[in-house]
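Structure data (compact mmCIF, N, CA and C atoms) from query.txt:
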```
# COMPACT_ATOMS: atom_id res chain seq x y z
N MET A 1 76.81 87.45 138.38
CA MET A 1 77.35 87.76 137.06
C MET A 1 78.81 87.29 136.98
N SER A 2 79.17 86.71 135.86
CA SER A 2 80.53 86.18 135.72
C SER A 2 81.51 87.30 135.33
N ARG A 3 82.74 87.05 135.65
CA ARG A 3 83.80 88.04 135.41
C ARG A 3 84.37 87.84 134.00
N ILE A 4 84.56 88.96 133.26
CA ILE A 4 85.17 88.91 131.92
C ILE A 4 86.58 89.43 132.03
N LYS A 5 87.52 88.60 131.63
CA LYS A 5 88.92 88.98 131.83
C LYS A 5 89.59 89.57 130.58
N GLY A 6 88.95 89.53 129.44
CA GLY A 6 89.54 90.16 128.25
C GLY A 6 90.57 89.31 127.54
N GLY A 7 90.48 87.98 127.70
CA GLY A 7 91.45 87.09 127.07
C GLY A 7 91.38 87.14 125.56
N MET A 8 90.18 87.32 125.05
CA MET A 8 90.01 87.37 123.59
C MET A 8 90.71 88.59 123.01
N GLN A 9 90.55 89.74 123.66
CA GLN A 9 91.21 90.96 123.20
C GLN A 9 92.73 90.84 123.27
N HIS A 10 93.19 90.22 124.34
CA HIS A 10 94.64 90.02 124.53
C HIS A 10 95.21 89.15 123.41
N ALA A 11 94.49 88.09 123.09
CA ALA A 11 94.94 87.19 122.02
C ALA A 11 94.90 87.89 120.67
N LYS A 12 93.87 88.68 120.46
CA LYS A 12 93.74 89.43 119.21
C LYS A 12 94.90 90.41 119.03
N HIS A 13 95.25 91.09 120.11
CA HIS A 13 96.35 92.06 120.09
C HIS A 13 97.66 91.35 119.75
N ARG A 14 97.89 90.21 120.39
CA ARG A 14 99.11 89.44 120.12
C ARG A 14 99.16 88.96 118.69
N ARG A 15 98.01 88.49 118.20
CA ARG A 15 97.95 88.00 116.82
C ARG A 15 98.29 89.12 115.84
N GLY A 16 97.80 90.33 116.13
CA GLY A 16 98.09 91.49 115.27
C GLY A 16 99.57 91.80 115.24
N ILE A 17 100.21 91.72 116.41
CA ILE A 17 101.66 91.97 116.47
C ILE A 17 102.41 90.93 115.66
N LEU A 18 102.02 89.67 115.83
CA LEU A 18 102.71 88.58 115.13
C LEU A 18 102.48 88.64 113.61
N LYS A 19 101.35 89.20 113.18
CA LYS A 19 101.13 89.37 111.75
C LYS A 19 102.14 90.36 111.17
N HIS A 20 102.42 91.41 111.93
CA HIS A 20 103.37 92.43 111.48
C HIS A 20 104.80 91.91 111.43
N THR A 21 105.11 90.98 112.33
CA THR A 21 106.49 90.51 112.40
C THR A 21 106.70 89.21 111.63
N LYS A 22 105.72 88.83 110.84
CA LYS A 22 105.86 87.63 110.02
C LYS A 22 107.03 87.82 109.05
N GLY A 23 107.91 86.85 109.02
CA GLY A 23 109.06 86.95 108.12
C GLY A 23 110.31 87.47 108.80
N PHE A 24 110.18 87.96 110.04
CA PHE A 24 111.37 88.41 110.77
C PHE A 24 112.18 87.18 111.16
N ARG A 25 113.43 87.37 111.51
CA ARG A 25 114.29 86.24 111.81
C ARG A 25 114.30 85.91 113.30
N TRP A 26 114.67 84.68 113.58
CA TRP A 26 114.84 84.15 114.91
C TRP A 26 113.56 84.27 115.73
N GLY A 27 113.65 84.60 116.99
CA GLY A 27 112.46 84.60 117.84
C GLY A 27 111.61 85.83 117.66
N ARG A 28 112.08 86.77 116.87
CA ARG A 28 111.36 88.03 116.72
C ARG A 28 110.07 87.86 115.92
N LYS A 29 109.88 86.70 115.32
CA LYS A 29 108.63 86.46 114.58
C LYS A 29 107.60 85.72 115.41
N SER A 30 108.02 85.09 116.50
CA SER A 30 107.09 84.21 117.20
C SER A 30 106.96 84.49 118.69
N LYS A 31 107.93 85.15 119.30
CA LYS A 31 107.87 85.45 120.73
C LYS A 31 107.38 86.87 120.93
N ILE A 32 106.32 87.00 121.71
CA ILE A 32 105.63 88.28 121.83
C ILE A 32 106.55 89.40 122.31
N LYS A 33 107.33 89.14 123.33
CA LYS A 33 108.18 90.18 123.89
C LYS A 33 109.19 90.69 122.85
N LEU A 34 109.80 89.76 122.13
CA LEU A 34 110.77 90.14 121.10
C LEU A 34 110.06 90.76 119.90
N ALA A 35 108.87 90.24 119.58
CA ALA A 35 108.13 90.74 118.42
C ALA A 35 107.70 92.20 118.63
N LYS A 36 107.31 92.56 119.86
CA LYS A 36 106.89 93.93 120.15
C LYS A 36 108.02 94.91 119.88
N THR A 37 109.20 94.61 120.40
CA THR A 37 110.33 95.52 120.20
C THR A 37 110.75 95.54 118.73
N ALA A 38 110.70 94.38 118.08
CA ALA A 38 111.08 94.31 116.66
C ALA A 38 110.13 95.16 115.82
N LYS A 39 108.83 95.12 116.15
CA LYS A 39 107.84 95.89 115.41
C LYS A 39 108.07 97.38 115.59
N MET A 40 108.36 97.78 116.82
CA MET A 40 108.62 99.20 117.09
C MET A 40 109.85 99.68 116.33
N LYS A 41 110.91 98.90 116.38
CA LYS A 41 112.15 99.26 115.69
C LYS A 41 111.93 99.33 114.18
N ALA A 42 111.16 98.37 113.66
CA ALA A 42 110.89 98.34 112.23
C ALA A 42 110.16 99.61 111.81
N GLY A 43 109.24 100.05 112.65
CA GLY A 43 108.51 101.29 112.36
C GLY A 43 109.44 102.49 112.34
N GLN A 44 110.37 102.53 113.29
CA GLN A 44 111.33 103.65 113.34
C GLN A 44 112.22 103.65 112.10
N HIS A 45 112.69 102.47 111.73
CA HIS A 45 113.55 102.37 110.55
C HIS A 45 112.79 102.75 109.29
N ALA A 46 111.53 102.35 109.21
CA ALA A 46 110.71 102.68 108.04
C ALA A 46 110.53 104.19 107.94
N PHE A 47 110.29 104.84 109.07
CA PHE A 47 110.11 106.30 109.09
C PHE A 47 111.38 106.99 108.62
N ASN A 48 112.52 106.57 109.18
CA ASN A 48 113.79 107.19 108.80
C ASN A 48 114.14 106.91 107.34
N SER A 49 113.82 105.71 106.89
CA SER A 49 114.18 105.34 105.53
C SER A 49 113.36 106.10 104.49
N ARG A 50 112.14 106.50 104.86
CA ARG A 50 111.35 107.30 103.92
C ARG A 50 112.04 108.64 103.68
N LYS A 51 112.66 109.20 104.71
CA LYS A 51 113.39 110.47 104.56
C LYS A 51 114.67 110.23 103.75
N THR A 52 115.37 109.15 104.06
CA THR A 52 116.63 108.84 103.38
C THR A 52 116.40 108.58 101.90
N LYS A 53 115.30 107.93 101.59
CA LYS A 53 114.97 107.61 100.19
C LYS A 53 114.86 108.88 99.35
N LYS A 54 114.22 109.90 99.90
CA LYS A 54 114.08 111.16 99.18
C LYS A 54 115.44 111.79 98.93
N ARG A 55 116.29 111.74 99.94
CA ARG A 55 117.63 112.32 99.85
C ARG A 55 118.47 111.60 98.79
N LEU A 56 118.42 110.28 98.80
CA LEU A 56 119.21 109.48 97.86
C LEU A 56 118.71 109.65 96.42
N ASN A 57 117.40 109.72 96.25
CA ASN A 57 116.86 109.90 94.90
C ASN A 57 117.27 111.25 94.32
N ARG A 58 117.21 112.28 95.13
CA ARG A 58 117.61 113.61 94.64
C ARG A 58 119.08 113.60 94.23
N ALA A 59 119.93 112.96 95.03
CA ALA A 59 121.36 112.87 94.70
C ALA A 59 121.55 112.11 93.38
N LEU A 60 120.79 111.06 93.18
CA LEU A 60 120.89 110.27 91.96
C LEU A 60 120.45 111.09 90.74
N TRP A 61 119.37 111.86 90.90
CA TRP A 61 118.91 112.70 89.80
C TRP A 61 119.97 113.72 89.43
N GLN A 62 120.62 114.30 90.45
CA GLN A 62 121.66 115.30 90.19
C GLN A 62 122.82 114.69 89.43
N VAL A 63 123.21 113.48 89.79
CA VAL A 63 124.31 112.80 89.10
C VAL A 63 123.93 112.53 87.65
N ASN A 64 122.71 112.07 87.41
CA ASN A 64 122.25 111.79 86.05
C ASN A 64 122.20 113.06 85.20
N ILE A 65 121.70 114.14 85.77
CA ILE A 65 121.63 115.41 85.04
C ILE A 65 123.03 115.91 84.73
N ASN A 66 123.91 115.82 85.72
CA ASN A 66 125.28 116.29 85.54
C ASN A 66 125.97 115.53 84.41
N ALA A 67 125.79 114.21 84.38
CA ALA A 67 126.41 113.41 83.33
C ALA A 67 125.88 113.81 81.95
N ALA A 68 124.57 114.02 81.86
CA ALA A 68 123.96 114.37 80.58
C ALA A 68 124.38 115.77 80.13
N VAL A 69 124.48 116.69 81.07
CA VAL A 69 124.83 118.08 80.73
C VAL A 69 126.31 118.18 80.36
N ARG A 70 127.15 117.43 81.03
CA ARG A 70 128.59 117.45 80.71
C ARG A 70 128.84 116.95 79.29
N TYR A 71 128.00 116.05 78.84
CA TYR A 71 128.09 115.55 77.47
C TYR A 71 127.91 116.70 76.47
N HIS A 72 127.13 117.70 76.86
CA HIS A 72 126.88 118.87 76.01
C HIS A 72 127.83 120.02 76.33
N GLY A 73 128.83 119.78 77.16
CA GLY A 73 129.85 120.78 77.44
C GLY A 73 129.43 121.86 78.43
N MET A 74 128.68 121.48 79.43
CA MET A 74 128.22 122.43 80.44
C MET A 74 128.31 121.77 81.79
N SER A 75 128.39 122.55 82.85
CA SER A 75 128.41 121.94 84.18
C SER A 75 126.99 121.96 84.77
N TYR A 76 126.79 121.14 85.76
CA TYR A 76 125.46 121.01 86.39
C TYR A 76 125.01 122.33 86.99
N SER A 77 125.90 122.97 87.74
CA SER A 77 125.51 124.20 88.43
C SER A 77 125.17 125.32 87.45
N LYS A 78 125.93 125.43 86.37
CA LYS A 78 125.64 126.46 85.37
C LYS A 78 124.32 126.16 84.65
N PHE A 79 124.06 124.89 84.43
CA PHE A 79 122.82 124.47 83.79
C PHE A 79 121.60 124.84 84.64
N ILE A 80 121.67 124.51 85.92
CA ILE A 80 120.56 124.80 86.83
C ILE A 80 120.37 126.31 86.96
N ASP A 81 121.47 127.06 87.02
CA ASP A 81 121.41 128.51 87.11
C ASP A 81 120.75 129.10 85.86
N ALA A 82 121.14 128.58 84.70
CA ALA A 82 120.56 129.07 83.45
C ALA A 82 119.08 128.74 83.36
N LEU A 83 118.69 127.57 83.85
CA LEU A 83 117.27 127.21 83.88
C LEU A 83 116.48 128.20 84.73
N LYS A 84 117.03 128.57 85.87
CA LYS A 84 116.34 129.51 86.75
C LYS A 84 116.23 130.89 86.10
N LYS A 85 117.31 131.31 85.41
CA LYS A 85 117.27 132.61 84.74
C LYS A 85 116.25 132.63 83.61
N LYS A 86 116.09 131.50 82.95
CA LYS A 86 115.14 131.37 81.84
C LYS A 86 113.71 131.13 82.34
N ASN A 87 113.57 130.93 83.65
CA ASN A 87 112.28 130.62 84.28
C ASN A 87 111.68 129.31 83.78
N ILE A 88 112.53 128.31 83.62
CA ILE A 88 112.06 126.97 83.27
C ILE A 88 111.92 126.20 84.57
N ALA A 89 110.70 125.89 84.94
CA ALA A 89 110.43 125.28 86.23
C ALA A 89 110.27 123.77 86.10
N LEU A 90 111.35 123.09 85.79
CA LEU A 90 111.34 121.63 85.77
C LEU A 90 112.16 121.14 86.96
N ASP A 91 111.59 120.21 87.71
CA ASP A 91 112.33 119.70 88.85
C ASP A 91 113.37 118.68 88.40
N ARG A 92 114.22 118.30 89.32
CA ARG A 92 115.35 117.43 88.99
C ARG A 92 114.91 116.04 88.56
N LYS A 93 113.80 115.58 89.11
CA LYS A 93 113.30 114.26 88.73
C LYS A 93 112.94 114.24 87.24
N ILE A 94 112.22 115.26 86.80
CA ILE A 94 111.80 115.34 85.40
C ILE A 94 113.01 115.53 84.50
N LEU A 95 113.95 116.37 84.92
CA LEU A 95 115.16 116.60 84.12
C LEU A 95 115.94 115.31 83.95
N ALA A 96 116.05 114.53 85.02
CA ALA A 96 116.78 113.26 84.94
C ALA A 96 116.06 112.28 84.01
N GLN A 97 114.74 112.26 84.06
CA GLN A 97 113.97 111.39 83.16
C GLN A 97 114.15 111.80 81.71
N LEU A 98 114.13 113.11 81.47
CA LEU A 98 114.34 113.59 80.11
C LEU A 98 115.72 113.19 79.60
N ALA A 99 116.72 113.35 80.45
CA ALA A 99 118.09 113.03 80.06
C ALA A 99 118.23 111.55 79.74
N LYS A 100 117.54 110.72 80.50
CA LYS A 100 117.69 109.27 80.35
C LYS A 100 116.81 108.70 79.23
N GLU A 101 115.54 109.10 79.20
CA GLU A 101 114.59 108.47 78.30
C GLU A 101 114.34 109.25 77.01
N PHE A 102 114.53 110.57 77.04
CA PHE A 102 114.29 111.41 75.87
C PHE A 102 115.48 112.33 75.61
N PRO A 103 116.60 111.76 75.17
CA PRO A 103 117.81 112.58 75.01
C PRO A 103 117.67 113.68 73.96
N VAL A 104 116.82 113.50 72.97
CA VAL A 104 116.63 114.54 71.94
C VAL A 104 115.98 115.78 72.55
N VAL A 105 114.96 115.56 73.36
CA VAL A 105 114.29 116.67 74.03
C VAL A 105 115.24 117.35 75.00
N PHE A 106 116.03 116.56 75.72
CA PHE A 106 116.99 117.12 76.67
C PHE A 106 118.03 117.96 75.93
N THR A 107 118.47 117.50 74.77
CA THR A 107 119.44 118.25 73.98
C THR A 107 118.86 119.61 73.56
N LYS A 108 117.60 119.62 73.14
CA LYS A 108 116.95 120.88 72.78
C LYS A 108 116.87 121.82 73.98
N LEU A 109 116.60 121.26 75.13
CA LEU A 109 116.52 122.05 76.35
C LEU A 109 117.88 122.67 76.68
N VAL A 110 118.93 121.88 76.56
CA VAL A 110 120.28 122.38 76.84
C VAL A 110 120.65 123.47 75.84
N GLU A 111 120.31 123.28 74.58
CA GLU A 111 120.62 124.29 73.56
C GLU A 111 119.88 125.59 73.85
N ALA A 112 118.62 125.48 74.28
CA ALA A 112 117.84 126.68 74.61
C ALA A 112 118.46 127.42 75.80
N VAL A 113 118.94 126.67 76.75
CA VAL A 113 119.55 127.26 77.93
C VAL A 113 120.92 127.88 77.59
N LYS A 114 121.64 127.24 76.68
CA LYS A 114 122.95 127.77 76.27
C LYS A 114 122.80 129.12 75.60
N LYS A 115 121.75 129.31 74.80
CA LYS A 115 121.51 130.59 74.14
C LYS A 115 121.31 131.70 75.17
N VAL A 116 120.56 131.38 76.20
CA VAL A 116 120.32 132.36 77.27
C VAL A 116 121.62 132.69 77.99
N ASP A 117 122.42 131.67 78.21
CA ASP A 117 123.69 131.85 78.93
C ASP A 117 124.62 132.75 78.14
N LYS A 118 124.64 132.63 76.81
CA LYS A 118 125.53 133.44 75.98
C LYS A 118 125.07 134.88 75.91
N ILE A 119 123.76 135.10 75.96
CA ILE A 119 123.23 136.47 75.91
C ILE A 119 123.64 137.22 77.16
N ASN A 120 123.55 136.58 78.32
CA ASN A 120 123.88 137.25 79.58
C ASN A 120 125.33 137.26 79.75
```
As structure tokens:
Amino acid sequence: MSRIKGGMQHAKHRRGILKHTKGFRWGRKSKIKLAKTAKMKAGQHAFNSRKTKKRLNRALWQVNINAAVRYHGMSYSKFIDALKKKNIALDRKILAQLAKEFPVVFTKLVEAVKKVDKIN
């Protein structure tokens, strides 16, 4: 019986790695040793960046809401506090969209919240 050395599997594995590193710069796209480390690092950066993306988006939403609320003579923190007291459960992403794309609706929301703030 002849010996099977697994060359096909080895080549397949290498091809898979090189598919992932297509478009990388210098030898990291074509040399297996460099491509392996580049692929691992890329995965780590992708994982970390998914967390960072969420953090940055939330900060951006807060800035947008703050700008829109200040236009109506209120601060961001007082606005969010008044929303919680009124039990309006809109997240920051939706609030930022309302402020940007539907300013009339956002104005009504701010006015409703201001009434609650004056009562308390």
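The shortest atom-to-atom distance to Ile32 (chain A), with only N, CA and C atoms taken into account, belongs to A:Arg14 out of A:Lys86, A:Lys114, A:His72, A:Arg14.
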Can you pull out every residue within 8 Å of Thr21 (chain A), counting only C-alpha atoms, but drop anything in the same chain fewer than 2 positions away, and send it as a VMD selection string?
chain A and resid 17 to 19 23 to 24 28 to 30 35 38 to 39
Write a file of the selected residues as a short mmCIF file (atom, residue, chain, number, x, y, z; two decimals), in the frame of the given file, keeping N, CA and C atoms.
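Heads up, here's the output in selection22.cif:
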```cif
data_model
loop_
_atom_site.label_atom_id
_atom_site.label_comp_id
_atom_site.auth_asym_id
_atom_site.auth_seq_id
_atom_site.Cartn_x
_atom_site.Cartn_y
_atom_site.Cartn_z
N ILE A 17 100.21 91.72 116.41
CA ILE A 17 101.66 91.97 116.47
C ILE A 17 102.41 90.93 115.66
N LEU A 18 102.02 89.67 115.83
CA LEU A 18 102.71 88.58 115.13
C LEU A 18 102.48 88.64 113.61
N LYS A 19 101.35 89.20 113.18
CA LYS A 19 101.13 89.37 111.75
C LYS A 19 102.14 90.36 111.17
N GLY A 23 107.91 86.85 109.02
CA GLY A 23 109.06 86.95 108.12
C GLY A 23 110.31 87.47 108.80
N PHE A 24 110.18 87.96 110.04
CA PHE A 24 111.37 88.41 110.77
C PHE A 24 112.18 87.18 111.16
N ARG A 28 112.08 86.77 116.87
CA ARG A 28 111.36 88.03 116.72
C ARG A 28 110.07 87.86 115.92
N LYS A 29 109.88 86.70 115.32
CA LYS A 29 108.63 86.46 114.58
C LYS A 29 107.60 85.72 115.41
N SER A 30 108.02 85.09 116.50
CA SER A 30 107.09 84.21 117.20
C SER A 30 106.96 84.49 118.69
N ALA A 35 108.87 90.24 119.58
CA ALA A 35 108.13 90.74 118.42
C ALA A 35 107.70 92.20 118.63
N ALA A 38 110.70 94.38 118.08
CA ALA A 38 111.08 94.31 116.66
C ALA A 38 110.13 95.16 115.82
N LYS A 39 108.83 95.12 116.15
CA LYS A 39 107.84 95.89 115.41
C LYS A 39 108.07 97.38 115.59
#
```
Set the distance at 6.5 Å and use only N, CA and C atoms: which residues neighbour Ala82 (chain A) once local chain neighbours fewer than 4 positions away are removed? I'd like the list as number ranges by chain.
A: 77-78, 86-87, 113, 117
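Interatomic distance, atom C of Ala11 (chain A) against atom C of Lys31 (chain A): 12.5 Å.
As for atom C of Ile94 (chain A) and CA of Met74 (chain A), they are spaced 17.2 Å apart.
Going from atom N of Lys93 (chain A) to CA of Trp61 (chain A) covers 5.9 Å.
Minimum atom-to-atom distance to Pro103 (chain A), evaluated using only C-alpha atoms, belongs to A:Val69 out of A:Asp91, A:Val69, A:Ser75, A:Gly43.
Proximity to Arg70 (chain A) was assessed for A:Gln9, A:Thr37, A:Ser2, A:Thr107 counting only C-alpha atoms; the smallest distance is recorded for A:Thr107.
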DSSP says helix (DSSP H, G or I) for which residues of chain A? Put them as a ChimeraX atom specification?
/A:7-20,26-29,32-71,76-86,92-101,103-119
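Proximity of A:Trp26, A:Tyr71, A:Phe79, A:Phe102 to Lys115 (chain A), computed with only C-alpha atoms, is greatest for A:Phe79.
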